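The next block holds one structure in the form of structure tokens; read it before the comments.
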Amino acid sequence: MRIEFIPVDKDDTLMFIVEGIDATFANSLRRAIMTEVPVYACNEVVFYTNSSPLYDEVISHRIGLVPLTTPEGTDKDSKMVTMSLEAQGPTTVYSGSLVSDDPSVQPVNDEFPLLKLGPGQSISLNAECYVGYGKDHVKWQPGLVGYKNYPIIDVDKQRCNLCGECVKTCPTKILGIEEGSIVVLEIFKCTFCKSCEDACKRLNENEIITVRPMNDKFIFRIESFGNMSTKDLLNTALNVIEKKAERLDQLLNE
Amino acid sequence: MIIPIRCFTCGKPIGHLFKTYSERTISEHPKDVLDDLGLERYCCRRMFLTHVNLIDEVLDFSV
């Protein structure tokens, strides 16, 4: 297995190419990151006063969806964290007003609008945050992962007449003409739309350029929602897969 | 009503971007603002484009 990282200009995104795995492993890695990484999220809210126009259920749902920072080493048995919220109208209440009893578990951003209060309205509540998994509810989903096969773009140099139609048609603009031949500039941006094939066929009546997927090479893209870094997400998910595989091995040996 | 915390489809947190979005779209084109905010997928982009901020209309009432 070979891994090569692709530089991305965003902090919350990680892109890499893996060679030597099959689609089943690629998908299990994707699913492990999205559904099996333990993170904190608010699961129960106790209301003391709520005279805002929003129902208790709406407010608790919104608080639940706010992503919370999750310290390293968190697992299912990590302790509950309580957050309290108190506000007097008229104001917009942001996630920054949530006071956590554990400084390592906080909303990832203080700017999430939770509710709005009119003059004379007030809110007072306690939110209980538990560790959970993305497979149970999106609020515990720490990120988004996608993968696609690595593309192979073949150009028959002998038959290519450099009409440039494929370069013009490509919607992601990854083809170019350099030194008298068609070159691929950023291959990982290919979407397999095959517009280049169609354009070539239309003009030249045979397929000079072909695009096909590689079945053992994948381009991964991990996007973190802020609960933890993309690197930690990947590490935790790989540990989860390892533990599951060990457990299966143990059961098979029994 | 009030801007959702996350995108309905992909789950990306987007609520915290609404303040910037609504301030900037007064003078700028929504496309440029959404690009600057880093919203690439059309599921997240429609959360802003189709949102109607009715919270101020119901503020006079309480449950």
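If you're wondering about the labels, chains in the structure tokens are A, B, ... by order shown, residues count from 1 in each chain, ligands from 1 in order shown.
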Can you check which parts of chain A lie within 7 Å of chain B? Per residue, the shortest pair of atoms and distance in Å to one decimal, counting only C-alpha atoms, sorted by chain and number, as a tab-separated table.
```
residue	atom	partner	partner_atom	distance
A:Ser51	CA	B:Ser62	CA	5.5
A:Ser52	CA	B:Ser62	CA	5.1
A:Pro53	CA	B:Ser62	CA	4.0
A:Leu54	CA	B:Val63	CA	6.8
A:Tyr55	CA	B:Val63	CA	6.5
A:Arg62	CA	B:Ile5	CA	6.4
A:Leu65	CA	B:Ile5	CA	6.4
A:Val66	CA	B:Ile5	CA	6.6
A:Glu111	CA	B:His16	CA	4.7
A:Phe112	CA	B:His16	CA	4.3
A:Pro113	CA	B:Gly15	CA	6.6
A:Leu117	CA	B:Leu59	CA	6.8
A:Gly118	CA	B:Leu59	CA	5.4
A:Val138	CA	B:Gly11	CA	6.6
A:Phe225	CA	B:Lys12	CA	6.3
```
The selected residues should be written to file as a CSV table (one decimal), in the first residue's frame (atoms: N, CA and C atoms).
```csv
chain,number,residue,atom,x,y,z
A,51,SER,N,-39.2,31.6,27.2
A,51,SER,CA,-40.3,32.4,26.8
A,51,SER,C,-40.0,32.9,25.4
A,52,SER,N,-39.1,32.3,24.6
A,52,SER,CA,-38.8,32.7,23.3
A,52,SER,C,-39.9,32.1,22.3
A,53,PRO,N,-39.9,32.6,21.1
A,53,PRO,CA,-40.9,32.1,20.1
A,53,PRO,C,-40.6,30.7,19.7
A,54,LEU,N,-39.5,30.1,19.9
A,54,LEU,CA,-39.1,28.8,19.5
A,54,LEU,C,-39.5,27.8,20.5
A,55,TYR,N,-40.0,26.6,20.1
A,55,TYR,CA,-40.3,25.5,21.0
A,55,TYR,C,-39.1,25.0,21.7
A,62,ARG,N,-31.4,22.3,17.9
A,62,ARG,CA,-30.3,23.2,17.3
A,62,ARG,C,-29.1,23.1,18.2
A,65,LEU,N,-27.1,19.9,17.3
A,65,LEU,CA,-26.4,19.9,16.1
A,65,LEU,C,-25.1,20.7,16.1
A,66,VAL,N,-24.9,21.5,17.2
A,66,VAL,CA,-23.6,22.3,17.2
A,66,VAL,C,-22.5,21.4,17.5
A,111,GLU,N,-20.1,31.4,16.8
A,111,GLU,CA,-21.0,32.2,16.0
A,111,GLU,C,-22.3,31.5,15.6
A,112,PHE,N,-22.5,30.3,16.1
A,112,PHE,CA,-23.8,29.6,15.6
A,112,PHE,C,-25.0,30.3,16.3
A,113,PRO,N,-25.9,30.8,15.5
A,113,PRO,CA,-27.1,31.4,16.2
A,113,PRO,C,-28.0,30.3,16.7
A,117,LEU,N,-34.2,36.2,21.0
A,117,LEU,CA,-35.1,36.6,22.0
A,117,LEU,C,-35.6,38.0,21.8
A,118,GLY,N,-36.9,38.2,22.0
A,118,GLY,CA,-37.5,39.5,21.9
A,118,GLY,C,-37.4,40.2,23.2
A,138,VAL,N,-26.6,12.4,13.0
A,138,VAL,CA,-25.6,13.3,12.3
A,138,VAL,C,-24.8,14.2,13.3
A,225,PHE,N,-15.5,18.5,10.4
A,225,PHE,CA,-16.5,19.5,10.8
A,225,PHE,C,-15.9,20.3,12.0
```
Assign secondary structure with DSSP using the backbone only, and return the residues of region 133-238 of chain A in alpha helix (DSSP H) as a PDB file with all heavy atoms, in the first residue's frame.
```pdb
ATOM      1  N   GLU A 165     -10.073  19.974 -29.123  1.00  0.00           N
ATOM      2  CA  GLU A 165     -11.492  19.958 -28.752  1.00  0.00           C
ATOM      3  C   GLU A 165     -11.682  19.404 -27.328  1.00  0.00           C
ATOM      4  O   GLU A 165     -12.496  19.913 -26.567  1.00  0.00           O
ATOM      5  CB  GLU A 165     -12.271  19.108 -29.774  1.00  0.00           C
ATOM      6  CG  GLU A 165     -13.779  19.281 -29.734  1.00  0.00           C
ATOM      7  CD  GLU A 165     -14.249  20.708 -30.022  1.00  0.00           C
ATOM      8  OE1 GLU A 165     -13.494  21.464 -30.657  1.00  0.00           O
ATOM      9  OE2 GLU A 165     -15.362  21.042 -29.578  1.00  0.00           O
ATOM     10  N   CYS A 166     -10.899  18.374 -26.961  1.00  0.00           N
ATOM     11  CA  CYS A 166     -11.006  17.800 -25.609  1.00  0.00           C
ATOM     12  C   CYS A 166     -10.583  18.831 -24.549  1.00  0.00           C
ATOM     13  O   CYS A 166     -11.203  18.941 -23.495  1.00  0.00           O
ATOM     14  CB  CYS A 166     -10.176  16.529 -25.497  1.00  0.00           C
ATOM     15  SG  CYS A 166      -8.476  16.709 -26.048  1.00  0.00           S
ATOM     16  N   VAL A 167      -9.551  19.615 -24.850  1.00  0.00           N
ATOM     17  CA  VAL A 167      -9.078  20.642 -23.913  1.00  0.00           C
ATOM     18  C   VAL A 167     -10.168  21.674 -23.672  1.00  0.00           C
ATOM     19  O   VAL A 167     -10.416  22.112 -22.550  1.00  0.00           O
ATOM     20  CB  VAL A 167      -7.803  21.320 -24.474  1.00  0.00           C
ATOM     21  CG1 VAL A 167      -7.315  22.412 -23.537  1.00  0.00           C
ATOM     22  CG2 VAL A 167      -6.717  20.301 -24.725  1.00  0.00           C
ATOM     23  N   LYS A 168     -10.858  22.037 -24.767  1.00  0.00           N
ATOM     24  CA  LYS A 168     -11.910  23.056 -24.688  1.00  0.00           C
ATOM     25  C   LYS A 168     -13.136  22.530 -23.944  1.00  0.00           C
ATOM     26  O   LYS A 168     -13.775  23.250 -23.180  1.00  0.00           O
ATOM     27  CB  LYS A 168     -12.320  23.475 -26.113  1.00  0.00           C
ATOM     28  CG  LYS A 168     -12.079  24.957 -26.396  1.00  0.00           C
ATOM     29  CD  LYS A 168     -12.619  25.337 -27.759  1.00  0.00           C
ATOM     30  CE  LYS A 168     -11.766  24.852 -28.919  1.00  0.00           C
ATOM     31  NZ  LYS A 168     -12.418  24.926 -30.221  1.00  0.00           N
ATOM     32  N   THR A 169     -13.471  21.243 -24.160  1.00  0.00           N
ATOM     33  CA  THR A 169     -14.700  20.683 -23.603  1.00  0.00           C
ATOM     34  C   THR A 169     -14.593  20.356 -22.115  1.00  0.00           C
ATOM     35  O   THR A 169     -15.580  20.466 -21.393  1.00  0.00           O
ATOM     36  CB  THR A 169     -15.086  19.400 -24.366  1.00  0.00           C
ATOM     37  OG1 THR A 169     -14.862  19.617 -25.734  1.00  0.00           O
ATOM     38  CG2 THR A 169     -16.536  19.040 -24.138  1.00  0.00           C
ATOM     39  N   SER A 195     -16.518  13.836 -21.192  1.00  0.00           N
ATOM     40  CA  SER A 195     -16.818  14.856 -22.202  1.00  0.00           C
ATOM     41  C   SER A 195     -15.718  14.893 -23.258  1.00  0.00           C
ATOM     42  O   SER A 195     -15.985  15.122 -24.442  1.00  0.00           O
ATOM     43  CB  SER A 195     -16.916  16.237 -21.560  1.00  0.00           C
ATOM     44  OG  SER A 195     -17.921  16.255 -20.604  1.00  0.00           O
ATOM     45  N   CYS A 196     -14.463  14.663 -22.832  1.00  0.00           N
ATOM     46  CA  CYS A 196     -13.341  14.685 -23.769  1.00  0.00           C
ATOM     47  C   CYS A 196     -13.481  13.554 -24.794  1.00  0.00           C
ATOM     48  O   CYS A 196     -13.240  13.766 -25.984  1.00  0.00           O
ATOM     49  CB  CYS A 196     -12.016  14.592 -23.020  1.00  0.00           C
ATOM     50  SG  CYS A 196     -11.941  13.328 -21.764  1.00  0.00           S
ATOM     51  N   GLU A 197     -13.901  12.368 -24.292  1.00  0.00           N
ATOM     52  CA  GLU A 197     -14.115  11.238 -25.214  1.00  0.00           C
ATOM     53  C   GLU A 197     -15.174  11.581 -26.254  1.00  0.00           C
ATOM     54  O   GLU A 197     -14.975  11.356 -27.453  1.00  0.00           O
ATOM     55  CB  GLU A 197     -14.585   9.999 -24.438  1.00  0.00           C
ATOM     56  CG  GLU A 197     -13.462   9.223 -23.802  1.00  0.00           C
ATOM     57  CD  GLU A 197     -13.947   7.937 -23.171  1.00  0.00           C
ATOM     58  OE1 GLU A 197     -15.108   7.525 -23.446  1.00  0.00           O
ATOM     59  OE2 GLU A 197     -13.186   7.342 -22.406  1.00  0.00           O
ATOM     60  N   ASP A 198     -16.288  12.124 -25.782  1.00  0.00           N
ATOM     61  CA  ASP A 198     -17.394  12.467 -26.684  1.00  0.00           C
ATOM     62  C   ASP A 198     -16.966  13.484 -27.740  1.00  0.00           C
ATOM     63  O   ASP A 198     -17.262  13.336 -28.925  1.00  0.00           O
ATOM     64  CB  ASP A 198     -18.589  13.022 -25.892  1.00  0.00           C
ATOM     65  CG  ASP A 198     -19.212  11.951 -25.021  1.00  0.00           C
ATOM     66  OD1 ASP A 198     -18.947  10.762 -25.293  1.00  0.00           O
ATOM     67  OD2 ASP A 198     -19.952  12.304 -24.080  1.00  0.00           O
ATOM     68  N   ALA A 199     -16.273  14.534 -27.266  1.00  0.00           N
ATOM     69  CA  ALA A 199     -15.843  15.598 -28.178  1.00  0.00           C
ATOM     70  C   ALA A 199     -14.908  15.043 -29.243  1.00  0.00           C
ATOM     71  O   ALA A 199     -15.003  15.388 -30.425  1.00  0.00           O
ATOM     72  CB  ALA A 199     -15.159  16.711 -27.398  1.00  0.00           C
ATOM     73  N   CYS A 200     -14.009  14.160 -28.818  1.00  0.00           N
ATOM     74  CA  CYS A 200     -13.037  13.563 -29.729  1.00  0.00           C
ATOM     75  C   CYS A 200     -13.739  12.693 -30.773  1.00  0.00           C
ATOM     76  O   CYS A 200     -13.412  12.736 -31.958  1.00  0.00           O
ATOM     77  CB  CYS A 200     -12.050  12.731 -28.927  1.00  0.00           C
ATOM     78  SG  CYS A 200     -10.563  12.336 -29.810  1.00  0.00           S
ATOM     79  N   LYS A 201     -14.734  11.917 -30.277  1.00  0.00           N
ATOM     80  CA  LYS A 201     -15.468  11.020 -31.169  1.00  0.00           C
ATOM     81  C   LYS A 201     -16.254  11.812 -32.209  1.00  0.00           C
ATOM     82  O   LYS A 201     -16.345  11.451 -33.375  1.00  0.00           O
ATOM     83  CB  LYS A 201     -16.433  10.163 -30.352  1.00  0.00           C
ATOM     84  CG  LYS A 201     -16.261   8.668 -30.631  1.00  0.00           C
ATOM     85  CD  LYS A 201     -17.378   7.862 -30.017  1.00  0.00           C
ATOM     86  CE  LYS A 201     -17.310   7.771 -28.517  1.00  0.00           C
ATOM     87  NZ  LYS A 201     -18.340   6.936 -27.932  1.00  0.00           N
ATOM     88  N   ARG A 202     -16.828  12.936 -31.750  1.00  0.00           N
ATOM     89  CA  ARG A 202     -17.654  13.766 -32.612  1.00  0.00           C
ATOM     90  C   ARG A 202     -16.828  14.337 -33.767  1.00  0.00           C
ATOM     91  O   ARG A 202     -17.273  14.402 -34.905  1.00  0.00           O
ATOM     92  CB  ARG A 202     -18.257  14.892 -31.777  1.00  0.00           C
ATOM     93  CG  ARG A 202     -19.546  15.470 -32.334  1.00  0.00           C
ATOM     94  CD  ARG A 202     -20.272  16.312 -31.300  1.00  0.00           C
ATOM     95  NE  ARG A 202     -19.399  17.293 -30.660  1.00  0.00           N
ATOM     96  CZ  ARG A 202     -19.233  17.406 -29.338  1.00  0.00           C
ATOM     97  NH1 ARG A 202     -19.863  16.597 -28.524  1.00  0.00           N
ATOM     98  NH2 ARG A 202     -18.451  18.330 -28.842  1.00  0.00           N
ATOM     99  N   LEU A 203     -15.609  14.758 -33.465  1.00  0.00           N
ATOM    100  CA  LEU A 203     -14.789  15.420 -34.464  1.00  0.00           C
ATOM    101  C   LEU A 203     -13.949  14.469 -35.303  1.00  0.00           C
ATOM    102  O   LEU A 203     -13.711  14.718 -36.476  1.00  0.00           O
ATOM    103  CB  LEU A 203     -13.866  16.442 -33.781  1.00  0.00           C
ATOM    104  CG  LEU A 203     -14.213  17.886 -34.107  1.00  0.00           C
ATOM    105  CD1 LEU A 203     -15.354  18.351 -33.217  1.00  0.00           C
ATOM    106  CD2 LEU A 203     -13.004  18.765 -33.916  1.00  0.00           C
ATOM    107  N   ASN A 204     -13.479  13.389 -34.665  1.00  0.00           N
ATOM    108  CA  ASN A 204     -12.522  12.535 -35.358  1.00  0.00           C
ATOM    109  C   ASN A 204     -13.052  11.153 -35.703  1.00  0.00           C
ATOM    110  O   ASN A 204     -12.330  10.321 -36.234  1.00  0.00           O
ATOM    111  CB  ASN A 204     -11.250  12.398 -34.524  1.00  0.00           C
ATOM    112  CG  ASN A 204     -10.662  13.756 -34.212  1.00  0.00           C
ATOM    113  OD1 ASN A 204     -10.433  14.542 -35.104  1.00  0.00           O
ATOM    114  ND2 ASN A 204     -10.467  14.035 -32.941  1.00  0.00           N
ATOM    115  N   THR A 230      -8.328  16.569  10.849  1.00  0.00           N
ATOM    116  CA  THR A 230      -8.508  15.499   9.868  1.00  0.00           C
ATOM    117  C   THR A 230      -7.553  14.335  10.131  1.00  0.00           C
ATOM    118  O   THR A 230      -7.895  13.184   9.922  1.00  0.00           O
ATOM    119  CB  THR A 230      -8.259  16.027   8.451  1.00  0.00           C
ATOM    120  OG1 THR A 230      -7.102  16.839   8.459  1.00  0.00           O
ATOM    121  CG2 THR A 230      -9.428  16.824   7.952  1.00  0.00           C
ATOM    122  N   LYS A 231      -6.349  14.667  10.613  1.00  0.00           N
ATOM    123  CA  LYS A 231      -5.349  13.630  10.901  1.00  0.00           C
ATOM    124  C   LYS A 231      -5.830  12.733  12.040  1.00  0.00           C
ATOM    125  O   LYS A 231      -5.726  11.506  11.973  1.00  0.00           O
ATOM    126  CB  LYS A 231      -4.035  14.303  11.275  1.00  0.00           C
ATOM    127  CG  LYS A 231      -2.860  13.708  10.521  1.00  0.00           C
ATOM    128  CD  LYS A 231      -1.624  14.488  10.818  1.00  0.00           C
ATOM    129  CE  LYS A 231      -0.481  14.005   9.965  1.00  0.00           C
ATOM    130  NZ  LYS A 231       0.691  14.843  10.132  1.00  0.00           N
ATOM    131  N   ASP A 232      -6.373  13.357  13.110  1.00  0.00           N
ATOM    132  CA  ASP A 232      -6.889  12.583  14.238  1.00  0.00           C
ATOM    133  C   ASP A 232      -8.059  11.710  13.803  1.00  0.00           C
ATOM    134  O   ASP A 232      -8.221  10.581  14.259  1.00  0.00           O
ATOM    135  CB  ASP A 232      -7.361  13.519  15.366  1.00  0.00           C
ATOM    136  CG  ASP A 232      -6.179  14.136  16.096  1.00  0.00           C
ATOM    137  OD1 ASP A 232      -5.063  13.608  15.914  1.00  0.00           O
ATOM    138  OD2 ASP A 232      -6.383  15.106  16.821  1.00  0.00           O
ATOM    139  N   LEU A 233      -8.894  12.260  12.909  1.00  0.00           N
ATOM    140  CA  LEU A 233     -10.044  11.507  12.394  1.00  0.00           C
ATOM    141  C   LEU A 233      -9.571  10.226  11.732  1.00  0.00           C
ATOM    142  O   LEU A 233     -10.086   9.132  12.005  1.00  0.00           O
ATOM    143  CB  LEU A 233     -10.778  12.327  11.336  1.00  0.00           C
ATOM    144  CG  LEU A 233     -11.877  13.262  11.757  1.00  0.00           C
ATOM    145  CD1 LEU A 233     -12.477  13.919  10.534  1.00  0.00           C
ATOM    146  CD2 LEU A 233     -12.943  12.514  12.497  1.00  0.00           C
ATOM    147  N   LEU A 234      -8.565  10.361  10.873  1.00  0.00           N
ATOM    148  CA  LEU A 234      -8.034   9.228  10.125  1.00  0.00           C
ATOM    149  C   LEU A 234      -7.420   8.206  11.078  1.00  0.00           C
ATOM    150  O   LEU A 234      -7.695   7.003  10.989  1.00  0.00           O
ATOM    151  CB  LEU A 234      -6.995   9.745   9.121  1.00  0.00           C
ATOM    152  CG  LEU A 234      -6.496   8.780   8.065  1.00  0.00           C
ATOM    153  CD1 LEU A 234      -7.647   8.229   7.255  1.00  0.00           C
ATOM    154  CD2 LEU A 234      -5.522   9.480   7.149  1.00  0.00           C
ATOM    155  N   ASN A 235      -6.612   8.711  12.052  1.00  0.00           N
ATOM    156  CA  ASN A 235      -5.975   7.811  13.014  1.00  0.00           C
ATOM    157  C   ASN A 235      -6.999   7.032  13.822  1.00  0.00           C
ATOM    158  O   ASN A 235      -6.894   5.823  13.973  1.00  0.00           O
ATOM    159  CB  ASN A 235      -5.089   8.616  13.977  1.00  0.00           C
ATOM    160  CG  ASN A 235      -3.744   8.897  13.366  1.00  0.00           C
ATOM    161  OD1 ASN A 235      -3.298   8.142  12.498  1.00  0.00           O
ATOM    162  ND2 ASN A 235      -3.109   9.968  13.782  1.00  0.00           N
ATOM    163  N   THR A 236      -8.004   7.767  14.365  1.00  0.00           N
ATOM    164  CA  THR A 236      -9.021   7.116  15.194  1.00  0.00           C
ATOM    165  C   THR A 236      -9.775   6.070  14.394  1.00  0.00           C
ATOM    166  O   THR A 236     -10.005   4.957  14.864  1.00  0.00           O
ATOM    167  CB  THR A 236     -10.028   8.157  15.739  1.00  0.00           C
ATOM    168  OG1 THR A 236      -9.321   9.342  16.061  1.00  0.00           O
ATOM    169  CG2 THR A 236     -10.751   7.647  16.960  1.00  0.00           C
ATOM    170  N   ALA A 237     -10.155   6.430  13.153  1.00  0.00           N
ATOM    171  CA  ALA A 237     -10.919   5.500  12.325  1.00  0.00           C
ATOM    172  C   ALA A 237     -10.111   4.245  12.008  1.00  0.00           C
ATOM    173  O   ALA A 237     -10.646   3.131  12.039  1.00  0.00           O
ATOM    174  CB  ALA A 237     -11.341   6.192  11.033  1.00  0.00           C
ATOM    175  N   LEU A 238      -8.805   4.416  11.745  1.00  0.00           N
ATOM    176  CA  LEU A 238      -7.969   3.249  11.443  1.00  0.00           C
ATOM    177  C   LEU A 238      -7.845   2.345  12.673  1.00  0.00           C
ATOM    178  O   LEU A 238      -7.865   1.116  12.553  1.00  0.00           O
ATOM    179  CB  LEU A 238      -6.588   3.694  10.952  1.00  0.00           C
ATOM    180  CG  LEU A 238      -6.583   4.292   9.539  1.00  0.00           C
ATOM    181  CD1 LEU A 238      -5.241   4.906   9.217  1.00  0.00           C
ATOM    182  CD2 LEU A 238      -6.930   3.231   8.500  1.00  0.00           C
TER     183      LEU A 238
END
```
With only C-alpha atoms as the counted atoms, please give the residues lying no more than 7 Å from Ser124 (chain A), apart from itself and same-chain residues fewer than 4 positions off, as a PDB file with C-alpha atoms, in the first residue's frame.
```pdb
ATOM      1  CA  PHE A  47     -35.241  23.725  30.318  1.00  0.00           C
ATOM      2  CA  TYR A  48     -35.875  25.989  33.298  1.00  0.00           C
ATOM      3  CA  THR A  49     -37.391  28.929  31.450  1.00  0.00           C
ATOM      4  CA  ASN A  50     -38.144  29.469  27.788  1.00  0.00           C
ATOM      5  CA  LEU A  85     -27.107  28.767  28.845  1.00  0.00           C
ATOM      6  CA  GLU A  86     -28.770  31.841  30.264  1.00  0.00           C
ATOM      7  CA  ALA A  87     -29.847  34.911  28.343  1.00  0.00           C
TER       8      ALA A  87
END
```
Residues within 12 Å of Arg46 (chain B), please, as a compact mmCIF listing (two decimals) with C-alpha atoms, in the first residue's frame. Count only C-alpha atoms; anything in the same chain fewer than 2 positions from it doesn't count.
```txt
# COMPACT_ATOMS: atom_id res chain seq x y z
CA ILE B 3 -30.75 29.66 9.69
CA PRO B 4 -30.21 25.91 10.26
CA ARG B 6 -26.02 22.27 9.56
CA CYS B 7 -26.62 21.58 5.90
CA PHE B 8 -29.66 19.31 5.56
CA THR B 9 -27.94 17.00 3.07
CA CYS B 10 -24.27 16.65 3.96
CA ILE B 14 -23.05 26.32 8.12
CA PRO B 30 -24.04 35.68 -3.59
CA LYS B 31 -21.81 33.52 -5.80
CA LEU B 34 -20.42 31.58 -1.10
CA LEU B 39 -19.06 26.31 0.35
CA GLU B 40 -18.30 24.08 -2.62
CA ARG B 41 -21.23 21.67 -2.74
CA TYR B 42 -24.57 22.83 -4.05
CA CYS B 43 -26.37 21.31 -1.05
CA CYS B 44 -24.64 23.76 1.30
CA PHE B 48 -28.19 30.18 2.10
CA LEU B 49 -29.77 30.92 -1.27
CA THR B 50 -33.19 29.56 -0.28
CA HIS B 51 -33.27 30.70 3.36
CA VAL B 52 -35.99 33.16 4.42
```
Can you tell me how far CA of Asn206 (chain A) sits from CA of Val183 (chain A), in Å to one decimal?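 Result for CA of Asn206 (chain A) versus CA of Val183 (chain A): 19.1 Å, one decimal.
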Spatial neighbours of region 57-60 of chain A, 9 Å, only C-alpha atoms, chain gap at least 2 places, as a list in words: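 My list of contacting residues is Cys42, Asn43, Glu44, Val45, Val46, Leu54, Tyr55, Arg62, Ile63, Gly64, Leu65, Leu114, Leu115 and Ala127 of chain A.
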Take the selection from the previous step and output its residues with N, CA, C and O atoms, as a compact mmCIF listing (two decimals), in the first residue's frame.
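The resulting out-v3.txt:
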```
# COMPACT_ATOMS: atom_id res chain seq x y z
N CYS A 42 -24.38 17.35 22.24
CA CYS A 42 -25.41 17.50 23.26
C CYS A 42 -26.56 16.53 22.99
O CYS A 42 -27.04 16.43 21.87
N ASN A 43 -26.95 15.79 24.02
CA ASN A 43 -27.97 14.76 23.82
C ASN A 43 -29.23 14.98 24.64
O ASN A 43 -30.27 14.42 24.34
N GLU A 44 -29.13 15.77 25.71
CA GLU A 44 -30.32 16.00 26.53
C GLU A 44 -30.30 17.44 27.03
O GLU A 44 -29.25 17.94 27.43
N VAL A 45 -31.45 18.09 27.01
CA VAL A 45 -31.52 19.48 27.46
C VAL A 45 -32.61 19.61 28.51
O VAL A 45 -33.72 19.12 28.32
N VAL A 46 -32.26 20.25 29.64
CA VAL A 46 -33.25 20.50 30.69
C VAL A 46 -33.57 21.99 30.66
O VAL A 46 -32.68 22.82 30.84
N LEU A 54 -39.46 30.14 19.93
CA LEU A 54 -39.14 28.79 19.46
C LEU A 54 -39.49 27.76 20.53
O LEU A 54 -39.29 28.00 21.71
N TYR A 55 -39.98 26.61 20.07
CA TYR A 55 -40.32 25.54 21.01
C TYR A 55 -39.07 24.96 21.65
O TYR A 55 -37.99 25.01 21.06
N ARG A 62 -31.37 22.27 17.85
CA ARG A 62 -30.33 23.16 17.33
C ARG A 62 -29.06 23.07 18.17
O ARG A 62 -27.95 23.06 17.63
N ILE A 63 -29.22 23.00 19.51
CA ILE A 63 -28.03 22.90 20.37
C ILE A 63 -27.32 21.57 20.11
O ILE A 63 -26.10 21.48 20.05
N GLY A 64 -28.13 20.51 19.88
CA GLY A 64 -27.55 19.20 19.61
C GLY A 64 -26.68 19.19 18.37
O GLY A 64 -25.64 18.54 18.33
N LEU A 65 -27.08 19.94 17.35
CA LEU A 65 -26.36 19.93 16.07
C LEU A 65 -25.05 20.73 16.09
O LEU A 65 -24.25 20.62 15.19
N LEU A 114 -28.27 30.25 17.99
CA LEU A 114 -29.12 29.19 18.53
C LEU A 114 -30.58 29.61 18.53
O LEU A 114 -31.46 28.85 18.17
N LEU A 115 -30.85 30.83 18.97
CA LEU A 115 -32.22 31.34 18.97
C LEU A 115 -32.19 32.86 19.09
O LEU A 115 -31.13 33.44 19.32
N ALA A 127 -27.56 21.82 29.18
CA ALA A 127 -27.45 20.84 28.10
C ALA A 127 -26.44 19.77 28.50
O ALA A 127 -25.33 20.10 28.93
```
